[in-house]
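target11.tsv follows; it contains TSV, C-alpha atoms.
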```tsv
chain	number	residue	atom	x	y	z
A	58	MET	CA	167.53	167.77	198.53
A	59	ALA	CA	169.31	168.65	201.75
A	60	ASP	CA	168.96	166.47	204.80
A	61	SER	CA	167.74	169.31	207.03
A	62	THR	CA	164.85	170.63	204.94
A	63	VAL	CA	162.48	169.24	202.35
A	64	SER	CA	160.40	170.89	199.64
A	65	VAL	CA	156.75	169.97	200.09
A	66	LYS	CA	153.29	170.65	198.84
A	67	HIS	CA	151.22	171.50	201.88
A	68	TYR	CA	147.44	171.11	201.81
A	69	GLN	CA	145.44	173.06	204.38
A	70	ASN	CA	142.08	174.83	204.45
A	71	GLY	CA	141.30	173.88	200.88
A	72	CYS	CA	144.56	175.24	199.42
A	73	VAL	CA	147.82	173.71	198.26
A	74	ALA	CA	151.01	175.72	198.77
A	75	SER	CA	154.64	174.91	198.07
A	76	ASP	CA	156.91	175.35	201.06
A	77	SER	CA	160.16	174.27	202.63
A	78	LEU	CA	159.80	172.55	205.98
A	79	PRO	CA	162.23	170.87	208.39
A	80	LEU	CA	162.66	167.21	207.57
A	81	PRO	CA	161.23	165.15	210.47
A	82	LYS	CA	163.65	162.60	211.88
A	83	ALA	CA	161.23	159.77	211.15
A	84	LEU	CA	161.29	160.46	207.39
A	85	PRO	CA	163.86	158.75	205.18
A	86	LYS	CA	166.60	161.13	204.07
A	87	SER	CA	167.35	161.22	200.37
A	88	ASP	CA	169.30	163.26	197.87
A	89	SER	CA	166.60	162.69	195.26
A	90	ALA	CA	164.05	165.37	194.45
A	91	ALA	CA	161.28	163.55	196.27
A	92	SER	CA	157.93	165.33	196.20
A	93	TRP	CA	156.45	165.24	199.68
A	94	LEU	CA	152.81	166.02	200.35
A	95	VAL	CA	151.78	167.17	203.83
A	96	MET	CA	148.04	166.80	204.31
A	97	PRO	CA	145.38	166.12	206.95
A	98	GLY	CA	144.52	162.55	207.80
A	99	ILE	CA	141.89	160.85	205.65
A	100	THR	CA	138.31	160.30	206.82
A	101	ASP	CA	136.62	157.32	205.15
A	102	LEU	CA	132.83	157.27	205.49
A	103	ALA	CA	132.27	153.68	204.35
A	104	VAL	CA	134.12	150.62	205.64
A	105	HIS	CA	132.66	147.13	205.94
A	106	SER	CA	134.77	144.81	208.07
A	107	ARG	CA	135.12	141.11	208.79
A	108	ASP	CA	138.11	141.57	211.12
A	109	LEU	CA	138.30	145.00	212.70
A	110	GLU	CA	141.90	144.65	213.86
A	111	THR	CA	143.06	143.84	210.33
A	112	GLU	CA	141.04	146.66	208.78
A	113	ALA	CA	142.32	149.15	211.37
A	114	ALA	CA	145.94	148.19	210.64
A	115	ALA	CA	145.41	148.54	206.88
A	116	ALA	CA	143.73	151.91	207.38
A	117	ARG	CA	146.44	153.36	209.59
A	118	ALA	CA	149.25	152.25	207.27
A	119	SER	CA	147.44	153.99	204.42
A	120	GLY	CA	146.82	157.37	206.05
A	121	ILE	CA	143.19	156.79	207.05
A	122	THR	CA	143.00	158.25	210.54
A	123	ARG	CA	139.23	157.91	210.93
A	124	PHE	CA	136.65	155.64	209.36
A	125	CYS	CA	132.96	154.84	209.71
A	126	LEU	CA	132.14	151.20	210.32
A	127	GLN	CA	129.03	150.14	208.43
A	128	PRO	CA	126.30	148.41	210.48
A	129	ASP	CA	126.55	145.09	208.61
A	130	SER	CA	130.18	144.58	209.67
A	131	LEU	CA	131.64	141.84	211.90
A	132	ASN	CA	128.80	139.43	211.08
A	133	GLN	CA	126.36	141.40	213.20
A	134	VAL	CA	123.92	144.20	212.56
A	135	ALA	CA	124.42	147.28	214.74
A	136	ASP	CA	120.82	148.16	215.48
A	137	ARG	CA	121.39	148.17	219.24
A	138	ALA	CA	123.45	150.61	221.24
A	139	SER	CA	125.50	147.83	222.86
A	140	LEU	CA	126.88	146.76	219.48
A	141	VAL	CA	127.79	150.34	218.65
A	142	ALA	CA	129.74	150.75	221.90
A	143	GLU	CA	131.80	147.63	221.16
A	144	SER	CA	133.06	149.16	217.90
A	145	GLN	CA	134.70	152.29	219.33
A	146	SER	CA	138.46	152.70	218.84
A	147	GLU	CA	141.12	155.41	218.94
A	148	THR	CA	143.83	154.48	216.44
A	149	PRO	CA	142.50	154.95	213.87
A	150	GLU	CA	139.36	156.54	215.23
A	151	ILE	CA	136.55	154.14	214.36
A	152	LEU	CA	133.03	155.54	214.37
A	153	ALA	CA	130.14	153.10	214.26
A	154	LEU	CA	127.06	153.68	212.12
A	155	GLY	CA	123.87	152.13	213.44
A	156	ALA	CA	121.35	150.26	211.31
A	157	THR	CA	118.44	152.43	210.19
A	158	THR	CA	116.04	149.47	210.36
A	159	ARG	CA	116.01	146.33	212.48
A	160	SER	CA	118.36	143.72	211.01
A	161	LEU	CA	118.63	145.97	207.93
A	162	GLN	CA	115.37	144.56	206.59
A	163	GLY	CA	113.98	147.93	205.48
A	164	THR	CA	110.74	147.51	207.42
A	165	GLN	CA	110.82	148.13	211.19
A	166	LEU	CA	112.80	151.18	212.33
A	167	SER	CA	115.64	150.75	214.83
A	168	ASP	CA	115.60	152.66	218.12
A	169	LEU	CA	117.55	155.60	216.72
A	170	ALA	CA	117.42	157.54	219.99
A	171	SER	CA	119.12	154.70	221.85
A	172	LEU	CA	121.69	154.34	219.09
A	173	LYS	CA	122.58	158.01	219.38
A	174	ASN	CA	122.75	157.84	223.16
A	175	GLY	CA	124.98	154.78	222.85
A	176	GLY	CA	127.54	156.65	220.75
A	177	CYS	CA	126.25	156.19	217.22
A	178	ILE	CA	127.18	159.21	215.08
A	179	ALA	CA	124.77	158.37	212.25
A	180	ALA	CA	122.62	155.55	210.92
A	181	SER	CA	122.98	153.75	207.61
A	182	ASP	CA	120.98	151.32	205.49
A	183	ALA	CA	124.29	149.68	204.41
A	184	GLY	CA	122.97	149.41	200.86
A	185	THR	CA	120.00	147.22	201.71
A	186	LEU	CA	116.74	147.81	199.87
A	187	TRP	CA	113.83	149.85	201.22
A	188	ARG	CA	110.44	148.28	200.61
A	189	ASP	CA	108.24	151.38	200.83
A	190	SER	CA	108.52	155.16	200.88
A	191	CYS	CA	106.33	155.47	203.97
A	192	THR	CA	108.92	153.70	206.15
A	193	LEU	CA	111.63	155.82	204.55
A	194	LYS	CA	109.75	159.02	205.39
A	195	ARG	CA	109.24	157.89	208.99
A	196	ALA	CA	112.96	157.12	209.26
A	197	LEU	CA	113.85	160.64	208.13
A	198	GLU	CA	111.38	162.20	210.54
A	199	TYR	CA	112.54	160.04	213.45
A	200	ALA	CA	116.20	160.78	212.73
A	201	GLN	CA	115.51	164.50	212.55
A	202	SER	CA	113.67	164.43	215.88
A	203	VAL	CA	116.68	162.93	217.68
A	204	GLY	CA	119.32	164.91	215.77
A	205	LEU	CA	120.79	161.96	213.90
A	206	ARG	CA	121.82	162.09	210.24
A	207	LEU	CA	121.01	159.15	207.98
A	208	HIS	CA	123.41	157.76	205.35
A	209	LEU	CA	121.18	156.20	202.69
A	210	HIS	CA	121.86	154.50	199.35
A	211	PRO	CA	119.50	155.48	196.51
A	212	ASN	CA	118.41	152.18	195.03
A	213	ASN	CA	114.97	151.26	193.69
A	214	ALA	CA	114.29	147.67	194.73
A	215	VAL	CA	111.91	146.91	191.86
A	216	LEU	CA	114.37	148.09	189.20
A	217	SER	CA	117.56	146.64	190.69
A	218	GLU	CA	116.76	143.52	192.66
A	219	GLU	CA	117.49	140.99	189.90
A	220	GLY	CA	120.47	142.86	188.43
A	221	CYS	CA	124.21	142.43	188.92
A	222	ALA	CA	125.81	144.88	186.45
A	223	HIS	CA	125.11	148.18	184.74
A	224	ALA	CA	122.32	147.88	182.19
A	225	GLY	CA	124.36	148.70	179.09
A	226	SER	CA	126.35	147.25	176.24
A	227	MET	CA	128.66	145.16	178.44
A	228	SER	CA	125.92	143.44	180.47
A	229	THR	CA	124.00	142.78	177.25
A	230	ARG	CA	127.03	141.17	175.61
A	231	LEU	CA	127.71	139.03	178.70
A	232	GLY	CA	124.04	138.08	179.10
A	233	LEU	CA	123.81	139.55	182.61
A	234	ASN	CA	120.71	141.11	184.14
A	235	GLY	CA	121.28	144.84	184.24
A	236	ILE	CA	120.71	147.54	186.85
A	237	PRO	CA	119.65	150.70	185.01
A	238	SER	CA	120.77	154.15	186.11
A	239	ALA	CA	117.08	154.82	186.71
A	240	ALA	CA	117.21	152.44	189.69
A	241	GLU	CA	119.46	155.00	191.36
A	242	THR	CA	117.96	158.22	190.04
A	243	SER	CA	114.33	157.31	190.72
A	244	ALA	CA	115.21	156.44	194.33
A	245	LEU	CA	117.29	159.60	194.60
A	246	CYS	CA	114.38	161.73	193.38
A	247	THR	CA	112.20	160.16	196.08
A	248	LEU	CA	114.82	160.85	198.75
A	249	LEU	CA	115.21	164.48	197.66
A	250	GLU	CA	111.43	165.00	197.71
A	251	LEU	CA	111.27	163.53	201.22
A	252	ILE	CA	114.15	165.74	202.37
A	253	GLU	CA	112.32	168.79	201.09
A	254	ASP	CA	109.10	167.65	202.75
A	255	THR	CA	110.68	166.82	206.14
A	256	ASN	CA	113.61	169.28	206.09
A	257	SER	CA	115.81	166.44	207.30
A	258	GLU	CA	119.58	166.33	206.85
A	259	LEU	CA	120.65	163.42	204.68
A	260	HIS	CA	123.88	161.97	203.35
A	261	ILE	CA	123.48	160.26	199.97
A	262	ALA	CA	125.82	157.27	199.82
A	263	ARG	CA	127.58	155.88	196.75
A	264	ILE	CA	126.45	157.90	193.74
A	265	SER	CA	127.31	156.11	190.48
A	266	CYS	CA	125.85	157.92	187.47
A	267	ALA	CA	125.86	161.29	185.72
A	268	ARG	CA	122.17	162.03	186.24
A	269	SER	CA	122.57	161.63	190.01
A	270	VAL	CA	125.34	164.24	190.03
A	271	ALA	CA	123.01	166.67	188.26
A	272	LEU	CA	120.17	165.95	190.69
A	273	ILE	CA	122.40	166.55	193.72
A	274	ALA	CA	123.78	169.74	192.19
A	275	ASP	CA	120.22	171.00	191.74
A	276	ALA	CA	119.27	170.00	195.29
A	277	LYS	CA	122.24	171.87	196.74
A	278	ALA	CA	121.47	174.91	194.59
A	279	ARG	CA	117.97	174.90	196.12
A	280	GLY	CA	119.46	174.82	199.60
A	281	LEU	CA	118.46	171.29	200.59
A	282	PRO	CA	120.53	169.90	203.52
A	283	VAL	CA	122.14	167.11	201.53
A	284	THR	CA	125.68	165.77	201.13
A	285	ALA	CA	126.89	162.93	198.92
A	286	ASP	CA	129.83	160.61	198.27
A	287	VAL	CA	131.23	158.36	195.56
A	288	ALA	CA	133.20	155.13	195.87
A	289	ILE	CA	136.76	155.19	194.58
A	290	HIS	CA	136.13	152.23	192.25
A	291	ASN	CA	133.46	154.21	190.42
A	292	LEU	CA	136.07	156.91	189.79
A	293	VAL	CA	138.83	154.66	188.44
A	294	LEU	CA	136.86	151.89	186.69
A	295	ASN	CA	133.95	151.67	184.27
A	296	GLU	CA	131.69	148.85	183.06
A	297	SER	CA	134.41	147.45	180.79
A	298	ALA	CA	136.20	146.15	183.91
A	299	ILE	CA	133.70	143.27	184.25
A	300	ASP	CA	134.57	141.95	180.78
A	301	GLY	CA	135.32	138.24	180.95
A	302	PHE	CA	132.97	137.98	183.93
A	303	ASN	CA	135.57	139.53	186.25
A	304	ALA	CA	133.80	139.09	189.58
A	305	LEU	CA	136.41	141.19	191.40
A	306	CYS	CA	134.69	144.15	189.72
A	307	HIS	CA	131.18	143.07	190.74
A	308	THR	CA	130.11	146.04	192.89
A	309	LEU	CA	126.90	147.67	194.05
A	310	PRO	CA	126.10	150.16	192.74
A	311	PRO	CA	127.66	148.74	189.59
A	312	LEU	CA	130.47	150.20	187.55
A	313	ARG	CA	128.78	152.29	184.89
A	314	THR	CA	129.72	153.92	181.57
A	315	GLU	CA	132.80	156.01	180.88
A	316	ALA	CA	130.52	159.05	180.53
A	317	ASP	CA	129.19	158.36	184.03
A	318	ARG	CA	132.74	158.04	185.37
A	319	GLN	CA	133.71	161.37	183.86
A	320	ALA	CA	130.62	163.03	185.35
A	321	LEU	CA	131.48	161.63	188.79
A	322	LEU	CA	135.00	163.01	188.50
A	323	GLN	CA	133.59	166.40	187.56
A	324	GLY	CA	131.20	166.17	190.51
A	325	VAL	CA	134.19	165.75	192.84
A	326	GLU	CA	136.07	168.53	191.08
A	327	ASP	CA	133.13	170.94	191.46
A	328	GLY	CA	132.47	170.00	195.09
A	329	ILE	CA	129.01	168.59	194.30
A	330	LEU	CA	130.16	165.25	195.70
A	331	ASP	CA	131.54	165.91	199.17
A	332	ALA	CA	133.59	162.78	199.71
A	333	ILE	CA	135.47	159.94	198.06
A	334	VAL	CA	135.10	156.72	200.06
A	335	SER	CA	136.70	153.31	199.89
A	336	ASP	CA	133.41	151.38	200.23
A	337	HIS	CA	135.77	148.64	201.42
A	338	ARG	CA	133.92	145.29	201.38
A	339	PRO	CA	136.18	142.30	202.11
A	340	CYS	CA	135.09	138.95	200.70
A	341	SER	CA	136.67	135.51	200.65
A	342	SER	CA	138.07	134.06	197.44
A	343	ASP	CA	135.14	131.61	197.39
A	344	ASP	CA	132.70	134.54	197.36
A	345	LYS	CA	134.14	135.57	193.98
A	346	LEU	CA	134.49	132.13	192.35
A	347	LYS	CA	130.82	131.51	191.62
A	348	PRO	CA	129.05	132.45	188.38
A	349	PHE	CA	129.09	136.26	188.16
A	350	PRO	CA	125.45	136.90	189.22
A	351	ALA	CA	125.91	134.69	192.30
A	352	THR	CA	129.17	136.28	193.44
A	353	LYS	CA	129.21	138.63	196.40
A	354	ALA	CA	129.35	142.30	195.42
A	355	GLY	CA	132.20	144.34	196.82
A	356	ALA	CA	135.83	145.37	196.41
A	357	MET	CA	138.72	145.86	198.82
A	358	SER	CA	139.84	149.48	198.61
A	359	LEU	CA	140.77	150.60	202.12
A	360	SER	CA	144.55	150.46	201.78
A	361	VAL	CA	144.56	151.95	198.26
A	362	LEU	CA	142.10	154.82	198.71
A	363	LEU	CA	144.84	157.46	198.77
A	364	PRO	CA	147.09	155.86	196.11
A	365	LEU	CA	144.18	155.44	193.69
A	366	THR	CA	143.23	159.07	194.24
A	367	LEU	CA	146.84	160.14	193.67
A	368	SER	CA	146.76	158.20	190.39
A	369	LEU	CA	143.74	160.25	189.29
A	370	ILE	CA	145.68	163.42	190.13
A	371	ALA	CA	148.71	162.19	188.19
A	372	ALA	CA	146.47	161.47	185.20
A	373	LYS	CA	145.07	165.02	185.49
A	374	GLU	CA	141.56	163.67	185.98
A	375	LEU	CA	141.29	165.46	189.33
A	376	SER	CA	143.05	168.52	190.71
A	377	LEU	CA	145.11	168.10	193.85
A	378	GLU	CA	142.93	170.56	195.78
A	379	SER	CA	139.60	168.93	194.89
A	380	ALA	CA	140.84	165.39	195.43
A	381	LEU	CA	142.35	166.07	198.85
A	382	ARG	CA	139.30	168.03	199.94
A	383	ALA	CA	137.15	165.00	199.11
A	384	LEU	CA	139.38	162.75	201.23
A	385	THR	CA	139.80	165.04	204.24
A	386	GLU	CA	137.70	168.15	204.84
A	387	GLY	CA	134.64	167.00	202.90
A	388	PRO	CA	133.96	163.69	204.68
A	389	ALA	CA	134.96	165.14	208.06
A	390	ALA	CA	132.37	167.90	207.59
A	391	VAL	CA	129.70	165.27	206.85
A	392	LEU	CA	130.39	164.00	210.38
A	393	ASN	CA	130.52	167.55	211.81
A	394	ARG	CA	134.19	167.06	212.63
A	395	GLN	CA	137.60	168.37	211.61
A	396	PRO	CA	140.16	166.15	209.86
A	397	LYS	CA	142.23	164.07	212.29
A	398	GLY	CA	146.03	164.00	212.27
A	399	THR	CA	148.63	164.93	209.65
A	400	LEU	CA	150.20	162.80	206.92
A	401	TRP	CA	153.59	163.00	205.20
A	402	VAL	CA	153.27	161.25	201.83
A	403	ASP	CA	156.05	160.59	199.33
A	404	THR	CA	154.19	161.00	196.03
A	405	THR	CA	157.16	159.94	193.88
A	406	SER	CA	157.41	156.46	195.38
A	407	SER	CA	155.33	153.62	193.99
A	408	PHE	CA	154.34	150.13	195.06
A	409	THR	CA	152.63	147.05	193.70
A	410	VAL	CA	149.23	146.43	195.25
A	411	GLY	CA	149.30	143.29	197.36
A	412	GLU	CA	153.00	143.51	198.11
A	413	LYS	CA	153.27	146.72	200.19
A	414	HIS	CA	151.17	145.98	203.26
A	415	SER	CA	147.92	144.40	204.35
A	416	LEU	CA	144.98	145.04	202.05
A	417	GLY	CA	142.43	144.07	204.69
A	418	SER	CA	140.65	140.93	205.82
A	419	GLY	CA	139.46	139.68	202.43
A	420	ASP	CA	140.82	138.44	199.12
A	421	ASN	CA	138.93	140.51	196.56
A	422	SER	CA	141.03	143.43	195.41
A	423	PRO	CA	140.47	144.37	191.73
A	424	TYR	CA	143.74	146.31	191.91
A	425	ARG	CA	146.11	143.51	192.90
A	426	GLY	CA	149.21	143.80	190.75
A	427	TRP	CA	148.60	147.45	189.88
A	428	THR	CA	151.48	149.88	190.37
A	429	LEU	CA	150.27	152.91	192.29
A	430	PRO	CA	151.93	156.07	193.63
A	431	GLY	CA	152.22	157.24	197.22
A	432	ASP	CA	153.82	156.03	200.41
A	433	VAL	CA	152.67	157.27	203.82
A	434	HIS	CA	155.62	157.75	206.18
A	435	ILE	CA	154.27	159.81	209.08
A	436	ILE	CA	150.89	160.01	210.71
A	437	SER	CA	150.86	162.47	213.59
A	438	GLU	CA	147.86	162.63	215.88
```
Would you encode the structure as structure tokens?
Amino acid sequence: MADSTVSVKHYQNGCVASDSLPLPKALPKSDSAASWLVMPGITDLAVHSRDLETEAAAARASGITRFCLQPDSLNQVADRASLVAESQSETPEILALGATTRSLQGTQLSDLASLKNGGCIAASDAGTLWRDSCTLKRALEYAQSVGLRLHLHPNNAVLSEEGCAHAGSMSTRLGLNGIPSAAETSALCTLLELIEDTNSELHIARISCARSVALIADAKARGLPVTADVAIHNLVLNESAIDGFNALCHTLPPLRTEADRQALLQGVEDGILDAIVSDHRPCSSDDKLKPFPATKAGAMSLSVLLPLTLSLIAAKELSLESALRALTEGPAAVLNRQPKGTLWVDTTSSFTVGEKHSLGSGDNSPYRGWTLPGDVHIISE
């Protein structure tokens, strides 16, 4: 490879093209046949934070140029406009999601109009449980009246409240209370019925099973105004990861079967699922040292969102076009925005998770010690 030019794969407008571009001065020069990927900056729709400065640094170093801060971050619930305003940032661009209900209790609605006027781009339930469909319907109607999209997690409280893992062979063998797929799909059916009844726009957060993919595909085919995402850990791991009571893989929704994982990958490939998100949830080491059911659910994925996705491409489980669309154009469109910035990524380099750069403000990465591809060298605004 000559010093003056570099062969790249360039992703733009949903297409990947090979090209030869001038080598920017900030990139390392090499005689090796490095495979550079030039792509838009990543938009991450789901980040929970304990230390915003740390999370922002981890995001920027990993090519995430915009992320949505969940309302349960920073030990406070963003159900007031003043809290939303305090979360705004430029590098990376941090967009705050307000709490759909007061204190995320699922009962009394927040003042969504004030949240929007205060800079909130959407409102989220942050994965908390809704207690009745009437409140849920009123939330959709209220959000529609003020032009605010809701980001809601389909989760039936009655079916899931006592569970901590997928209701399947692994949870049975470990003696853990299971969360059946029906906890997600029954809640999703309710949400889709309410969308059709209210004609409200809705983003479905964190799909985890095959039946949900089929339900969303049908909803989109019927023209319902719905988008959806999947967490990266549900694309790279299945229920076997919790074997040995591995609390680092205790997530909500839980890791499900290999068949579910394959259906989620196909959902991304087909564009049924609009976005891949980190669902970054930092926890302390103590949060993961209790008996499995008592451990805090969540995984650190912010700094490895792109490398994990590149590993799925390398394994031919996702195409380059579909994977990058789900990291860039798809999630940006959910926010009615364009992707922000441009990345230069060396896809032939690799690193060991935990040694490259900051993972975030917690100590609960299920990927620590993994060798992953991809090294972001340039982020242009």
**Message:** From (134.8, 145.9, 206.0), in the file's coordinates, out to 6 Å: which residues are reached, counting all atoms listed in the file? Answer as a ChimeraX atom specification.
**Reply:** /A:104-107,337-339
**Surrounding residues of Ala83 in chain A excluding itself and chain neighbours under 2 positions, 12 Å, all atoms listed in the file, as an NGL selection string** = :A and (79-81 or 85-86 or 401 or 433-437)
**Request:** Write out as a list of chain:residue names the residues lying within 7 Å of Ser257 in chain A, counting only C-alpha atoms and excluding same-chain residues fewer than 3 positions away.
**Result:**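 The filter keeps A:Leu197, A:Glu198, A:Gln201, A:Ile252, A:Pro282.
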**Prompt:** Which residue gives the smallest distance to Gly387 in chain A among A:Gly225, A:Gly328, A:Pro211, A:Gly235, with only C-alpha atoms counted?
**Reply:**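 Comparing A:Gly225, A:Gly328, A:Pro211, A:Gly235 against Gly387 in chain A, the winner is A:Gly328.
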**Request:** Rank A:Leu249, A:Leu205, A:Leu186, A:Ala239 by their smallest atom-to-atom distance to Gly155 in chain A, using only C-alpha atoms, and report the top residue only.
**Result:**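 Residue with the minimum atom-to-atom distance to Gly155 in chain A: A:Leu205.
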**Message:** I'd like the contact shell of range 374-383 of chain A - 7 Å cut-off, all atoms listed in the file, skipping same-chain residues fewer than 4 positions apart - returned as number ranges by chain.
**Reply:** A: 71-73, 322, 325-326, 331-333, 366, 369-370, 387-388
**Message:** Can you tell me which residues surround Ala351 in chain A at a distance of at most 10 Å, considering all atoms listed in the file, apart from same-chain residues fewer than 5 positions away, and format the answer as number ranges by chain?
**Reply:** A: 221, 304, 344-346
Go ahead and save the residues from that selection, with C-alpha atoms, as a PDB file, in the coordinates of the input.
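The file below, again_3.pdb, is the result:
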```pdb
ATOM      1  CA  CYS A 221     124.210 142.430 188.920  1.00  0.00           C
ATOM      2  CA  ALA A 304     133.800 139.090 189.580  1.00  0.00           C
ATOM      3  CA  ASP A 344     132.700 134.540 197.360  1.00  0.00           C
ATOM      4  CA  LYS A 345     134.140 135.570 193.980  1.00  0.00           C
ATOM      5  CA  LEU A 346     134.490 132.130 192.350  1.00  0.00           C
TER       6      LEU A 346
END
```
**Message:** Neighbouring residues of Thr385 in chain A were defined as those with any atom within 9 Å, considering only C-alpha atoms; residues of the same chain fewer than 4 positions away were excluded. Please report them as a list in words.
**Reply:**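 In the requested form, the answer reads Met96, Pro97, Gly98, Ile99, Thr100, Asp101, Ala332, Ala380, Leu381, Ala389, Ala390, Gln395, Pro396 and Lys397 of chain A.
Taking CA of Thr158 in chain A and CA of Gly184 in chain A as the two end points, the separation is 11.8 Å.
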**Message:** When you count all atoms listed in the file, which of these residues is closest to Leu312 in chain A: A:Ala214, A:Ala170, A:Ile236, A:Leu384?
**Reply:**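 That would be A:Ile236, the residue with the smallest distance to Leu312 in chain A.
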**Request:** Would you mind telling me which residue in A:Ala113, A:Ala276, A:Ala288, A:Val391 lies nearest to Glu253 in chain A when using all atoms listed in the file?
**Result:**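 Of all the options, A:Ala276 lies closest to Glu253 in chain A.
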**Request:** Can you work out the spacing between CA of Asn291 in chain A and CA of Pro311 in chain A in Å, to one decimal?
**Result:**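 Pair CA of Asn291 in chain A / CA of Pro311 in chain A returns 8.0 Å.
Proximity ranking of A:Thr185, A:Thr404, A:Thr242, A:Ser265 relative to Glu218 in chain A places A:Thr185 first, based on all atoms listed in the file.
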**Item:** Computed interatomic separation between CA of Asp189 in chain A and CA of Ala278 in chain A (Å)
**Value:**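 If I compute the distance from CA of Asp189 in chain A to CA of Ala278 in chain A, I get 27.7 Å.
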**Message:** When you count all atoms listed in the file, which of these residues is closest to Pro350 in chain A: A:Gly176, A:Pro149, A:Gly220, A:Gly120?
**Reply:** A:Gly220
Box time for range 359-368 of chain A: axis-aligned, enclosing all its listed atoms, 3 Å extra on each side; report centre and edge lengths in Å to one decimal, as AutoDock Vina command-line options.
```
--center_x 143.9 --center_y 155.3 --center_z 196.3 --size_x 12.3 --size_y 15.7 --size_z 17.7
```
**Prompt:** Using all atoms listed in the file, what residues lie at most 8 Å away from (141.6, 154.2, 201.1) (file coordinates), given as JSON, numbers by chain?
**Reply:** {"A": [101, 116, 119, 120, 121, 334, 335, 358, 359, 360, 361, 362, 363, 364, 365]}
Could you write those residues out with C-alpha atoms, as a compact mmCIF listing (two decimals), in the frame of the given file?
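File produced: selection18.txt:
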```txt
# COMPACT_ATOMS: atom_id res chain seq x y z
CA ASP A 101 136.62 157.32 205.15
CA ALA A 116 143.73 151.91 207.38
CA SER A 119 147.44 153.99 204.42
CA GLY A 120 146.82 157.37 206.05
CA ILE A 121 143.19 156.79 207.05
CA VAL A 334 135.10 156.72 200.06
CA SER A 335 136.70 153.31 199.89
CA SER A 358 139.84 149.48 198.61
CA LEU A 359 140.77 150.60 202.12
CA SER A 360 144.55 150.46 201.78
CA VAL A 361 144.56 151.95 198.26
CA LEU A 362 142.10 154.82 198.71
CA LEU A 363 144.84 157.46 198.77
CA PRO A 364 147.09 155.86 196.11
CA LEU A 365 144.18 155.44 193.69
```
